>>> print(open('my_file10.pdb').read())   # PDB, C-alpha atoms
ATOM      1  CA  GLY A   1       8.066  21.417 -46.950
ATOM      2  CA  THR A   2      10.333  23.189 -44.429
ATOM      3  CA  LEU A   3      10.074  26.905 -43.872
ATOM      4  CA  ARG A   4      12.515  29.331 -45.483
ATOM      5  CA  HIS A   5      12.939  32.802 -44.020
ATOM      6  CA  SER A   6      15.149  35.026 -46.145
ATOM      7  CA  SER A   7      15.822  37.391 -43.242
ATOM      8  CA  ALA A   8      16.642  34.648 -40.715
ATOM      9  CA  MET A   9      20.236  33.716 -39.950
ATOM     10  CA  PHE A  10      19.206  30.246 -38.818
ATOM     11  CA  GLU A  11      16.747  28.376 -40.984
ATOM     12  CA  HIS A  12      13.922  26.604 -39.197
ATOM     13  CA  GLY A  13      14.509  23.824 -41.759
ATOM     14  CA  ASP A  14      17.997  23.184 -40.323
ATOM     15  CA  ILE A  15      16.483  22.575 -36.911
ATOM     16  CA  CYS A  16      13.860  20.260 -38.427
ATOM     17  CA  ALA A  17      16.575  18.278 -40.236
ATOM     18  CA  SER A  18      18.563  17.901 -37.031
ATOM     19  CA  VAL A  19      15.447  16.834 -35.123
ATOM     20  CA  GLU A  20      14.780  14.133 -37.756
ATOM     21  CA  THR A  21      18.139  12.604 -36.880
ATOM     22  CA  GLU A  22      17.262  12.690 -33.161
ATOM     23  CA  LEU A  23      13.877  11.072 -33.761
ATOM     24  CA  ALA A  24      15.509   8.271 -35.757
ATOM     25  CA  HIS A  25      17.211   7.302 -32.462
ATOM     26  CA  VAL A  26      14.290   8.022 -30.141
ATOM     27  CA  SER A  27      13.767   4.320 -29.380
ATOM     28  CA  ARG A  28      17.084   4.465 -27.480
ATOM     29  CA  VAL A  29      15.716   7.176 -25.213
ATOM     30  CA  ASP A  30      14.584   5.910 -21.826
ATOM     31  CA  GLU A  31      10.928   4.906 -22.124
ATOM     32  CA  VAL A  32       9.827   7.123 -19.258
ATOM     33  CA  GLU A  33      11.278  10.205 -21.037
ATOM     34  CA  ARG A  34      10.293   9.347 -24.607
ATOM     35  CA  ASP A  35       6.929  11.061 -24.415
ATOM     36  CA  ILE A  36       8.253  14.492 -23.387
ATOM     37  CA  VAL A  37      11.110  14.259 -25.923
ATOM     38  CA  THR A  38       8.696  13.460 -28.764
ATOM     39  CA  LYS A  39       6.263  16.165 -27.625
ATOM     40  CA  PHE A  40       9.036  18.781 -27.418
ATOM     41  CA  PHE A  41      10.417  17.916 -30.861
ATOM     42  CA  GLY A  42       6.926  17.854 -32.379
ATOM     43  CA  MET A  43       6.322  21.397 -31.195
ATOM     44  CA  LEU A  44       9.823  22.565 -32.217
ATOM     45  CA  THR A  45       9.289  21.387 -35.804
ATOM     46  CA  SER A  46       5.741  22.762 -36.216
ATOM     47  CA  LYS A  47       5.259  24.283 -39.683
ATOM     48  CA  GLU A  48       3.432  27.194 -38.071
ATOM     49  CA  TRP A  49       6.480  28.953 -36.622
ATOM     50  CA  LYS A  50       6.826  32.390 -38.222
ATOM     51  CA  HIS A  51      10.100  34.303 -38.243
ATOM     52  CA  SER A  52       9.495  37.522 -36.317
ATOM     53  CA  THR A  53      12.787  39.385 -35.919
ATOM     54  CA  THR A  54      16.537  38.935 -35.858
ATOM     55  CA  SER A  55      18.414  40.866 -33.205
ATOM     56  CA  ASN A  56      21.517  40.483 -31.124
ATOM     57  CA  GLY A  57      22.657  37.354 -32.982
ATOM     58  CA  THR A  58      19.349  35.556 -32.309
ATOM     59  CA  ASP A  59      16.441  34.726 -34.584
ATOM     60  CA  ILE A  60      13.053  35.023 -32.921
ATOM     61  CA  PHE A  61      10.131  32.940 -34.160
ATOM     62  CA  LYS A  62       6.512  33.089 -32.988
ATOM     63  CA  LEU A  63       3.827  30.444 -33.068
ATOM     64  CA  PRO A  64       0.298  31.840 -33.220
ATOM     65  CA  GLY A  65      -1.717  30.919 -30.141
ATOM     66  CA  GLU A  66      -4.706  32.253 -28.270
ATOM     67  CA  ARG A  67      -4.116  31.948 -24.545
ATOM     68  CA  ILE A  68      -0.728  30.256 -24.593
ATOM     69  CA  HIS A  69       2.269  32.262 -25.589
ATOM     70  CA  ARG A  70       4.785  30.359 -27.683
ATOM     71  CA  ILE A  71       8.109  31.856 -28.642
ATOM     72  CA  MET A  72      11.389  30.429 -29.986
ATOM     73  CA  GLY A  73      14.885  31.908 -30.012
ATOM     74  CA  VAL A  74      17.671  30.333 -32.083
ATOM     75  CA  THR A  75      21.331  31.251 -31.781
ATOM     76  CA  ARG A  76      24.871  29.865 -32.073
ATOM     77  CA  THR A  77      27.435  29.510 -29.287
ATOM     78  CA  GLU A  78      31.109  28.558 -29.167
ATOM     79  CA  ALA A  79      30.221  26.131 -26.357
ATOM     80  CA  SER A  80      29.705  22.409 -26.917
ATOM     81  CA  PRO A  81      26.390  20.709 -26.090
ATOM     82  CA  GLU A  82      28.127  19.174 -23.049
ATOM     83  CA  GLU A  83      29.170  22.624 -21.794
ATOM     84  CA  VAL A  84      25.600  23.900 -22.160
ATOM     85  CA  LEU A  85      24.448  20.843 -20.189
ATOM     86  CA  GLY A  86      26.916  21.797 -17.449
ATOM     87  CA  PHE A  87      25.256  25.214 -17.109
ATOM     88  CA  PHE A  88      21.911  23.574 -16.310
ATOM     89  CA  SER A  89      23.250  20.793 -14.085
ATOM     90  CA  ASP A  90      24.382  22.794 -11.075
ATOM     91  CA  PRO A  91      21.765  23.367  -8.382
ATOM     92  CA  GLN A  92      24.219  25.412  -6.295
ATOM     93  CA  ASN A  93      24.042  28.051  -9.009
ATOM     94  CA  PHE A  94      20.360  27.702  -9.928
ATOM     95  CA  LYS A  95      19.454  31.241  -8.810
ATOM     96  CA  LYS A  96      22.602  32.808 -10.237
ATOM     97  CA  HIS A  97      22.166  31.055 -13.575
ATOM     98  CA  PHE A  98      18.446  31.768 -13.858
ATOM     99  CA  THR A  99      19.129  35.434 -13.149
ATOM    100  CA  ILE A 100      21.579  35.395 -16.081
ATOM    101  CA  LEU A 101      18.999  33.691 -18.318
ATOM    102  CA  ASP A 102      15.807  35.506 -17.523
ATOM    103  CA  ASP A 103      15.347  39.264 -17.088
ATOM    104  CA  MET A 104      12.031  38.665 -15.357
ATOM    105  CA  PHE A 105      13.285  36.132 -12.791
ATOM    106  CA  LYS A 106      13.032  37.354  -9.180
ATOM    107  CA  GLU A 107      13.578  34.460  -6.781
ATOM    108  CA  GLY A 108      13.798  30.717  -6.971
ATOM    109  CA  SER A 109      14.893  27.501  -5.369
ATOM    110  CA  VAL A 110      15.634  23.856  -6.042
ATOM    111  CA  VAL A 111      12.805  22.056  -4.249
ATOM    112  CA  LYS A 112      14.065  18.531  -4.895
ATOM    113  CA  ILE A 113      16.730  16.694  -6.878
ATOM    114  CA  GLY A 114      15.383  13.585  -8.592
ATOM    115  CA  GLY A 115      16.630  10.032  -8.151
ATOM    116  CA  GLN A 116      18.530  10.612  -4.936
ATOM    117  CA  GLY A 117      17.240   7.313  -3.552
ATOM    118  CA  LEU A 118      18.461   5.427  -6.599
ATOM    119  CA  GLY A 119      21.996   6.688  -7.005
ATOM    120  CA  LEU A 120      24.047   4.279  -4.876
ATOM    121  CA  ASP A 121      27.005   2.320  -6.144
ATOM    122  CA  ALA A 122      28.381  -1.028  -4.970
ATOM    123  CA  THR A 123      29.786   0.455  -1.756
ATOM    124  CA  GLY A 124      26.567   2.273  -0.956
ATOM    125  CA  GLU A 125      28.119   5.605  -2.002
ATOM    126  CA  ARG A 126      26.000   7.937  -4.090
ATOM    127  CA  LEU A 127      26.852   7.758  -7.782
ATOM    128  CA  HIS A 128      25.606  11.313  -8.219
ATOM    129  CA  LYS A 129      27.008  13.460  -5.458
ATOM    130  CA  LEU A 130      24.421  15.557  -3.729
ATOM    131  CA  GLY A 131      24.713  19.001  -5.162
ATOM    132  CA  LYS A 132      24.581  17.957  -8.836
ATOM    133  CA  PHE A 133      21.564  17.272 -10.978
ATOM    134  CA  ALA A 134      22.458  13.972 -12.548
ATOM    135  CA  ALA A 135      22.295  14.538 -16.278
ATOM    136  CA  LEU A 136      20.576  11.583 -17.811
ATOM    137  CA  SER A 137      23.012   9.856 -20.134
ATOM    138  CA  ILE A 138      21.252   7.940 -22.847
ATOM    139  CA  GLY A 139      23.260   5.660 -25.089
ATOM    140  CA  GLY A 140      26.214   7.906 -24.345
ATOM    141  CA  LYS A 141      29.811   7.030 -23.548
ATOM    142  CA  GLU A 142      29.434   7.901 -19.896
ATOM    143  CA  ARG A 143      26.946   5.395 -18.680
ATOM    144  CA  VAL A 144      27.275   5.407 -14.920
ATOM    145  CA  GLY A 145      27.582   2.174 -13.001
ATOM    146  CA  PRO A 146      29.475  -1.096 -13.202
ATOM    147  CA  THR A 147      29.203  -3.035 -16.443
ATOM    148  CA  ASP A 148      30.399  -6.373 -15.074
ATOM    149  CA  PRO A 149      27.285  -8.412 -14.165
ATOM    150  CA  LYS A 150      28.731  -9.641 -10.841
ATOM    151  CA  GLU A 151      29.706  -6.139  -9.781
ATOM    152  CA  PHE A 152      26.296  -4.985 -10.884
ATOM    153  CA  ALA A 153      24.659  -7.753  -8.852
ATOM    154  CA  VAL A 154      26.435  -6.498  -5.729
ATOM    155  CA  SER A 155      25.527  -2.893  -6.434
ATOM    156  CA  LEU A 156      21.928  -3.782  -7.178
ATOM    157  CA  LEU A 157      21.595  -5.729  -3.946
ATOM    158  CA  ASN A 158      23.015  -2.706  -2.126
ATOM    159  CA  LYS A 159      20.509  -0.420  -3.769
ATOM    160  CA  ILE A 160      17.433  -2.513  -3.330
ATOM    161  CA  ARG A 161      16.247  -1.519   0.088
ATOM    162  CA  ARG A 162      17.377   2.062  -0.254
ATOM    163  CA  SER A 163      15.495   2.887  -3.431
ATOM    164  CA  PRO A 164      11.860   3.842  -3.989
ATOM    165  CA  GLY A 165      11.502   0.989  -6.467
ATOM    166  CA  GLY A 166      13.372  -1.442  -4.223
ATOM    167  CA  GLN A 167      10.615  -3.943  -3.626
ATOM    168  CA  LYS A 168       9.755  -3.992  -7.307
ATOM    169  CA  ILE A 169      13.372  -4.754  -8.248
ATOM    170  CA  GLU A 170      13.428  -7.411  -5.562
ATOM    171  CA  GLY A 171      10.324  -8.902  -7.178
ATOM    172  CA  LEU A 172      12.067  -8.818 -10.547
ATOM    173  CA  ILE A 173      15.068 -10.683  -9.097
ATOM    174  CA  LYS A 174      12.828 -13.315  -7.548
ATOM    175  CA  LYS A 175      10.979 -13.725 -10.812
ATOM    176  CA  HIS A 176      14.289 -14.214 -12.664
ATOM    177  CA  ALA A 177      15.608 -16.466  -9.920
ATOM    178  CA  GLY A 178      13.152 -19.346 -10.180
ATOM    179  CA  ASP A 179      15.209 -22.402  -9.200
ATOM    180  CA  LYS A 180      18.542 -20.841 -10.096
ATOM    181  CA  GLY A 181      19.073 -18.833  -6.943
ATOM    182  CA  ALA A 182      19.343 -15.074  -6.604
ATOM    183  CA  VAL A 183      23.009 -14.590  -7.549
ATOM    184  CA  ALA A 184      22.656 -16.541 -10.793
ATOM    185  CA  ALA A 185      19.551 -14.519 -11.568
ATOM    186  CA  LEU A 186      21.340 -11.259 -10.804
ATOM    187  CA  GLY A 187      24.073 -12.258 -13.231
ATOM    188  CA  GLU A 188      21.440 -12.347 -15.975
ATOM    189  CA  LEU A 189      19.969  -8.944 -15.160
ATOM    190  CA  PRO A 190      20.620  -5.970 -17.437
ATOM    191  CA  SER A 191      23.899  -4.124 -16.949
ATOM    192  CA  SER A 192      22.416  -0.716 -16.209
ATOM    193  CA  GLN A 193      20.081   0.459 -13.527
ATOM    194  CA  THR A 194      17.971   2.245 -16.120
ATOM    195  CA  SER A 195      17.221  -0.908 -18.072
ATOM    196  CA  ALA A 196      16.697  -2.911 -14.865
ATOM    197  CA  LEU A 197      14.105  -0.422 -13.706
ATOM    198  CA  ALA A 198      12.565  -0.441 -17.170
ATOM    199  CA  GLN A 199      11.670  -4.092 -16.617
ATOM    200  CA  THR A 200       9.641  -3.266 -13.542
ATOM    201  CA  SER A 201       6.388  -1.384 -13.506
ATOM    202  CA  ILE A 202       7.994   1.540 -11.644
ATOM    203  CA  ARG A 203       8.385   3.227 -15.031
ATOM    204  CA  ALA A 204       4.714   3.481 -15.802
ATOM    205  CA  GLU A 205       3.743   5.033 -12.525
ATOM    206  CA  PHE A 206       4.302   8.704 -13.321
ATOM    207  CA  LYS A 207       1.083  10.481 -14.138
ATOM    208  CA  ASP A 208       0.993  13.511 -16.372
ATOM    209  CA  GLY A 209       1.942  16.571 -14.324
ATOM    210  CA  GLN A 210       3.662  14.553 -11.584
ATOM    211  CA  PHE A 211       7.302  15.173 -10.640
ATOM    212  CA  LYS A 212       9.458  12.317 -11.980
ATOM    213  CA  ASP A 213      11.691  11.502  -9.033
ATOM    214  CA  LEU A 214      14.434  10.041 -11.221
ATOM    215  CA  PRO A 215      18.055  10.881 -12.064
ATOM    216  CA  GLY A 216      18.278  13.817 -14.453
ATOM    217  CA  HIS A 217      15.238  15.548 -12.938
ATOM    218  CA  ALA A 218      14.961  18.516 -10.595
ATOM    219  CA  LEU A 219      11.866  20.160  -9.139
ATOM    220  CA  LEU A 220      12.301  23.934  -9.455
ATOM    221  CA  HIS A 221      10.312  26.898  -8.149
ATOM    222  CA  GLY A 222      10.594  30.456  -9.415
ATOM    223  CA  THR A 223       8.820  33.816  -9.298
ATOM    224  CA  PHE A 224       8.835  36.211 -12.263
ATOM    225  CA  ARG A 225       8.045  39.914 -12.479
ATOM    226  CA  LEU A 226       5.553  41.355 -14.931
ATOM    227  CA  PRO A 227       4.680  45.006 -15.720
ATOM    228  CA  SER A 228       3.458  46.664 -12.529
ATOM    229  CA  ILE A 229      -0.284  46.704 -13.238
ATOM    230  CA  VAL A 230      -0.554  42.891 -13.307
ATOM    231  CA  PRO A 231       0.376  40.420 -10.536
ATOM    232  CA  ASP A 232       3.731  38.696 -10.832
ATOM    233  CA  ARG A 233       3.796  35.017 -11.726
ATOM    234  CA  ASP A 234       4.923  31.934  -9.838
ATOM    235  CA  PHE A 235       5.893  28.635 -11.548
ATOM    236  CA  VAL A 236       6.849  25.165 -10.307
ATOM    237  CA  TRP A 237       8.339  22.881 -12.923
ATOM    238  CA  ASP A 238      10.104  19.560 -13.413
ATOM    239  CA  GLN A 239      13.365  20.085 -15.305
ATOM    240  CA  VAL A 240      15.042  17.144 -16.996
ATOM    241  CA  ALA A 241      18.529  17.432 -18.489
ATOM    242  CA  MET A 242      19.615  14.684 -20.844
ATOM    243  CA  ARG A 243      22.149  13.664 -23.437
ATOM    244  CA  LEU A 244      20.574  12.160 -26.518
ATOM    245  CA  PRO A 245      22.103   9.143 -28.311
ATOM    246  CA  THR A 246      23.562  11.516 -30.943
ATOM    247  CA  GLY A 247      25.474  13.579 -28.354
ATOM    248  CA  SER A 248      22.983  16.453 -28.584
ATOM    249  CA  VAL A 249      21.514  17.811 -25.364
ATOM    250  CA  LEU A 250      17.954  18.522 -24.276
ATOM    251  CA  VAL A 251      17.018  20.500 -21.179
ATOM    252  CA  MET A 252      13.249  20.544 -20.812
ATOM    253  CA  GLY A 253      10.754  21.726 -18.268
ATOM    254  CA  GLN A 254       7.056  21.372 -17.647
ATOM    255  CA  SER A 255       4.791  22.361 -14.783
ATOM    256  CA  VAL A 256       4.008  19.982 -11.957
ATOM    257  CA  ASN A 257       0.421  19.778 -10.671
ATOM    258  CA  ASP A 258      -0.322  21.724  -7.513
ATOM    259  CA  GLY A 259      -1.634  18.538  -5.907
ATOM    260  CA  ASP A 260       1.831  16.908  -5.973
ATOM    261  CA  GLU A 261       3.092  16.514  -2.401
ATOM    262  CA  ASP A 262       6.443  18.194  -3.156
ATOM    263  CA  VAL A 263       4.952  21.327  -4.709
ATOM    264  CA  PRO A 264       5.333  24.516  -2.651
ATOM    265  CA  GLU A 265       2.335  26.827  -2.296
ATOM    266  CA  CYS A 266       1.997  29.804  -4.590
ATOM    267  CA  VAL A 267       3.836  32.863  -3.257
ATOM    268  CA  LYS A 268       1.444  35.441  -1.789
ATOM    269  CA  GLY A 269       0.407  38.154  -4.244
ATOM    270  CA  HIS A 270       1.386  36.016  -7.255
ATOM    271  CA  VAL A 271      -0.638  34.031  -9.801
ATOM    272  CA  ARG A 272       0.575  30.498 -10.470
ATOM    273  CA  GLY A 273       1.153  30.052 -14.192
ATOM    274  CA  ALA A 274       1.827  26.851 -16.121
ATOM    275  CA  VAL A 275       4.879  25.940 -18.171
ATOM    276  CA  LEU A 276       3.934  23.637 -21.020
ATOM    277  CA  THR A 277       6.722  21.555 -22.559
ATOM    278  CA  SER A 278       9.517  24.115 -22.957
ATOM    279  CA  GLY A 279      13.280  23.982 -23.108
ATOM    280  CA  TYR A 280      16.630  24.086 -24.879
ATOM    281  CA  TYR A 281      17.733  21.826 -27.725
ATOM    282  CA  VAL A 282      21.499  21.986 -28.297
ATOM    283  CA  PHE A 283      23.258  20.303 -31.221
ATOM    284  CA  GLU A 284      26.737  20.537 -32.745
ATOM    285  CA  ASP A 285      26.942  22.908 -35.686
ATOM    286  CA  GLY A 286      29.926  21.269 -37.400
ATOM    287  CA  GLN A 287      32.114  24.349 -36.787
ATOM    288  CA  GLY A 288      33.294  23.603 -33.273
ATOM    289  CA  GLY A 289      30.278  25.175 -31.583
ATOM    290  CA  SER A 290      26.572  24.505 -31.139
ATOM    291  CA  LYS A 291      23.221  25.788 -32.242
ATOM    292  CA  ILE A 292      20.706  26.326 -29.469
ATOM    293  CA  ALA A 293      16.958  26.466 -30.034
ATOM    294  CA  PHE A 294      15.045  27.688 -26.990
ATOM    295  CA  VAL A 295      11.285  27.286 -26.922
ATOM    296  CA  LEU A 296       8.987  28.683 -24.272
ATOM    297  CA  GLN A 297       5.323  27.708 -24.071
ATOM    298  CA  ALA A 298       3.662  29.310 -21.086
ATOM    299  CA  ASP A 299       0.101  29.766 -19.958
ATOM    300  CA  PRO A 300       0.339  32.789 -17.665
ATOM    301  CA  LYS A 301      -3.174  32.071 -16.262
ATOM    302  CA  GLY A 302      -5.249  34.852 -14.732
ATOM    303  CA  SER A 303      -6.396  37.740 -16.922
ATOM    304  CA  LEU A 304      -3.373  38.997 -18.796
ATOM    305  CA  PRO A 305      -3.934  41.671 -21.466
ATOM    306  CA  ALA A 306      -2.615  40.723 -24.921
ATOM    307  CA  TRP A 307      -0.250  43.731 -24.915
ATOM    308  CA  VAL A 308       1.500  42.400 -21.800
ATOM    309  CA  VAL A 309       2.048  39.022 -23.483
ATOM    310  CA  ASN A 310       3.366  40.779 -26.596
ATOM    311  CA  LEU A 311       5.697  42.923 -24.506
ATOM    312  CA  VAL A 312       7.033  40.001 -22.492
ATOM    313  CA  ALA A 313       7.385  37.353 -25.233
ATOM    314  CA  PRO A 314      10.398  38.757 -27.158
ATOM    315  CA  LYS A 315      12.231  39.380 -23.863
ATOM    316  CA  GLN A 316      11.726  35.716 -23.004
ATOM    317  CA  ALA A 317      13.053  34.572 -26.392
ATOM    318  CA  HIS A 318      16.277  36.433 -25.620
ATOM    319  CA  ASN A 319      16.933  34.056 -22.710
ATOM    320  CA  VAL A 320      18.923  32.134 -25.327
ATOM    321  CA  THR A 321      20.879  35.304 -26.243
ATOM    322  CA  ARG A 322      21.821  35.856 -22.603
ATOM    323  CA  LEU A 323      22.797  32.179 -22.316
ATOM    324  CA  ARG A 324      25.027  32.483 -25.394
ATOM    325  CA  LYS A 325      26.728  35.645 -24.136
ATOM    326  CA  TYR A 326      27.430  34.049 -20.780
ATOM    327  CA  LEU A 327      28.741  30.798 -22.284
ATOM    328  CA  ASP A 328      30.892  32.556 -24.868
ATOM    329  CA  SER A 329      32.425  34.816 -22.221
ATOM    330  CA  THR A 330      33.225  31.917 -19.869
ATOM    331  CA  VAL A 331      33.462  28.627 -21.761
ATOM    332  CA  GLY A 332      34.245  30.338 -25.063
ATOM    333  CA  SER A 333      37.188  32.259 -23.632
ATOM    334  CA  SER A 334      39.223  29.054 -23.720
ATOM    335  CA  VAL A 335      38.075  28.231 -27.250
ATOM    336  CA  SER A 336      40.227  29.661 -29.998
ATOM    337  CA  ARG A 337      37.914  31.488 -32.344
ATOM    338  CA  ALA A 338      38.465  31.053 -36.044
TER
END
>>> encode(input="my_file10.pdb", output="structure tokens")
Amino acid sequence: GTLRHSSAMFEHGDICASVETELAHVSRVDEVERDIVTKFFGMLTSKEWKHSTTSNGTDIFKLPGERIHRIMGVTRTEASPEEVLGFFSDPQNFKKHFTILDDMFKEGSVVKIGGQGLGLDATGERLHKLGKFAALSIGGKERVGPTDPKEFAVSLLNKIRRSPGGQKIEGLIKKHAGDKGAVAALGELPSSQTSALAQTSIRAEFKDGQFKDLPGHALLHGTFRLPSIVPDRDFVWDQVAMRLPTGSVLVMGQSVNDGDEDVPECVKGHVRGAVLTSGYYVFEDGQGGSKIAFVLQADPKGSLPAWVVNLVAPKQAHNVTRLRKYLDSTVGSSVSRA
């Protein structure tokens, strides 16, 4: 029951098949991220996507919606999923890269990088240098942190009082310790910080619409121009960049509630819109490159005439075209093309 579109270069069914493989491994995705991953994939594989046009090497699909505009662009790049991840993992270049991606982008900033209080190794050094979004590595080869339990015990003890969840982890250690003493208990703790934190209640504390202050996340703020008769829009969103167990990459964003303490006020003269689960799914295409599916779901808020939405939507879908052109001209230049 997948969709076939004779005029499309990339079949929606291919994306659905790839997503099925990802979902078969979803139990290996960090519990705190599983919900957004499942939600994103559910929307990506909706049977209601309709192929709209093919232009510039990108298929554009639309999903009928009343207030919310939903648009998908699918393309192929010479870059690997890891190289696409690199594009989204550099806060120094956030403005430069977003300007490349989005024709409507005006200004923006990285408000906060997630998990900065957690990323300390055994010497107290940061595992993730300031100035990088830590891409969340799930079941991947590059799990950060010592694997030897004793080394981990030392690093965990070093982290405890410096991390937001410190007291909770301390409680976990004490609970494990019983009569055995703390070091013995530490030796029995899981070998990664992620799974250690998963055993504490710190994981359940993020409410819907709250910034997840964890590695892999960044709180971003941007303003976007619209046709001159309507006010420009302002968005604040939580971006998470992650490797999936299969080696595919997901970069997703969703709006953070205005009540969150880290959220900047709406820029004067703008209307604050909402980004519903949106993002880029990147998977190997078996020919040395990757397919990228970009989905945008936005509620522009305010009174926006339908013609403005219809004018803006295809431009937004071509964010993935601009991403491909940039990647293929930089990353791809070192890739020998068949």
>>> atom_distance(input="my_file10.pdb", atom1="atom CA of Ala293 of chain A", atom2="atom CA of Tyr280 of chain A")
5.7 Å
>>> closest_residue(input="my_file10.pdb", among="A:His97, A:Asp35, A:Leu276, A:Pro227", to="Lys207 of chain A", atoms="only C-alpha atoms")
A:Asp35
>>> residues_around(input="my_file10.pdb", residues="Tyr281 of chain A", least_positions_apart="3", cutoff="8 Å", atoms="all atoms listed in the file", output="short mmCIF file (atom, residue, chain, number, x, y, z; two decimals) with C-alpha atoms, in the coordinates of the input")
data_model
loop_
_atom_site.label_atom_id
_atom_site.label_comp_id
_atom_site.auth_asym_id
_atom_site.auth_seq_id
_atom_site.Cartn_x
_atom_site.Cartn_y
_atom_site.Cartn_z
CA SER A 248 22.98 16.45 -28.58
CA VAL A 249 21.51 17.81 -25.36
CA LEU A 250 17.95 18.52 -24.28
CA VAL A 251 17.02 20.50 -21.18
CA ILE A 292 20.71 26.33 -29.47
CA ALA A 293 16.96 26.47 -30.03
CA PHE A 294 15.04 27.69 -26.99
#
>>> atom_distance(input="my_file10.pdb", atom1="atom CA of Ala298 of chain A", atom2="atom CA of Val29 of chain A")
25.5 Å
>>> closest_atom_pairs(input="my_file10.pdb", of="segment 240-293 of chain A", to="segment 69-77 of chain A", cutoff="12 Å", atoms="all atoms listed in the file", output="Markdown table")
| residue | atom | partner | partner_atom | distance |
| --- | --- | --- | --- | --- |
| A:Gly273 | CA | A:His69 | CA | 11.7 |
| A:Ala274 | CA | A:His69 | CA | 10.9 |
| A:Val275 | CA | A:His69 | CA | 10.1 |
| A:Leu276 | CA | A:Arg70 | CA | 9.5 |
| A:Thr277 | CA | A:Arg70 | CA | 10.4 |
| A:Ser278 | CA | A:Arg70 | CA | 9.1 |
| A:Gly279 | CA | A:Met72 | CA | 9.6 |
| A:Tyr280 | CA | A:Gly73 | CA | 9.5 |
| A:Tyr281 | CA | A:Val74 | CA | 9.6 |
| A:Val282 | CA | A:Arg76 | CA | 9.4 |
| A:Phe283 | CA | A:Arg76 | CA | 9.7 |
| A:Glu284 | CA | A:Arg76 | CA | 9.5 |
| A:Asp285 | CA | A:Arg76 | CA | 8.1 |
| A:Gly286 | CA | A:Arg76 | CA | 11.3 |
| A:Gln287 | CA | A:Thr77 | CA | 10.2 |
| A:Gly288 | CA | A:Thr77 | CA | 9.2 |
| A:Gly289 | CA | A:Thr77 | CA | 5.7 |
| A:Ser290 | CA | A:Thr77 | CA | 5.4 |
| A:Lys291 | CA | A:Arg76 | CA | 4.4 |
| A:Ile292 | CA | A:Thr75 | CA | 5.5 |
| A:Ala293 | CA | A:Val74 | CA | 4.4 |
>>> residues_around(input="my_file10.pdb", residues="Ile229 of chain A", least_positions_apart="5", cutoff="12 Å", atoms="only C-alpha atoms", output="PyMOL selection string")
chain A and resi 303-305+308
>>> write_last_selection(input="my_file10.pdb", atoms="C-alpha atoms", output="short mmCIF file (atom, residue, chain, number, x, y, z; two decimals), in the coordinates of the input")
data_model
loop_
_atom_site.label_atom_id
_atom_site.label_comp_id
_atom_site.auth_asym_id
_atom_site.auth_seq_id
_atom_site.Cartn_x
_atom_site.Cartn_y
_atom_site.Cartn_z
CA SER A 303 -6.40 37.74 -16.92
CA LEU A 304 -3.37 39.00 -18.80
CA PRO A 305 -3.93 41.67 -21.47
CA VAL A 308 1.50 42.40 -21.80
#
>>> closest_residue(input="my_file10.pdb", among="A:Thr99, A:Met252, A:Gly108, A:Lys62", to="Thr38 of chain A", atoms="all atoms listed in the file")
A:Met252
>>> resolve_selection(input="my_file10.pdb", expression="the PyMOL selection byres ((chain A and resi 223) around 9)", output="PyMOL selection string")
chain A and resi 104-108+221-222+224-225+232-236+267+270+272
>>> closest_residue(input="my_file10.pdb", among="A:Arg243, A:Leu101, A:Val256, A:Leu296", to="Phe206 of chain A", atoms="all atoms listed in the file")
A:Val256
>>> residues_around(input="my_file10.pdb", residues="Asp59 of chain A", least_positions_apart="2", cutoff="7 Å", atoms="only C-alpha atoms", output="list in words")
Ala8, Met9, Phe10, Thr53, Thr54, Ser55, Gly57, Phe61, Gly73, Val74 and Thr75 of chain A
>>> closest_residue(input="my_file10.pdb", among="A:Gln92, A:Gln239, A:Gln297, A:Ser27", to="Leu214 of chain A", atoms="only C-alpha atoms")
A:Gln239
>>> residues_around(input="my_file10.pdb", residues="Val263 of chain A", least_positions_apart="5", cutoff="10 Å", atoms="only C-alpha atoms", output="MDAnalysis selection string")
chainID A and resid 111:112 210:211 219:221 236:237 256:258
>>> atom_distance(input="my_file10.pdb", atom1="atom CA of Ser52 of chain A", atom2="atom CA of Glu20 of chain A")
24.0 Å
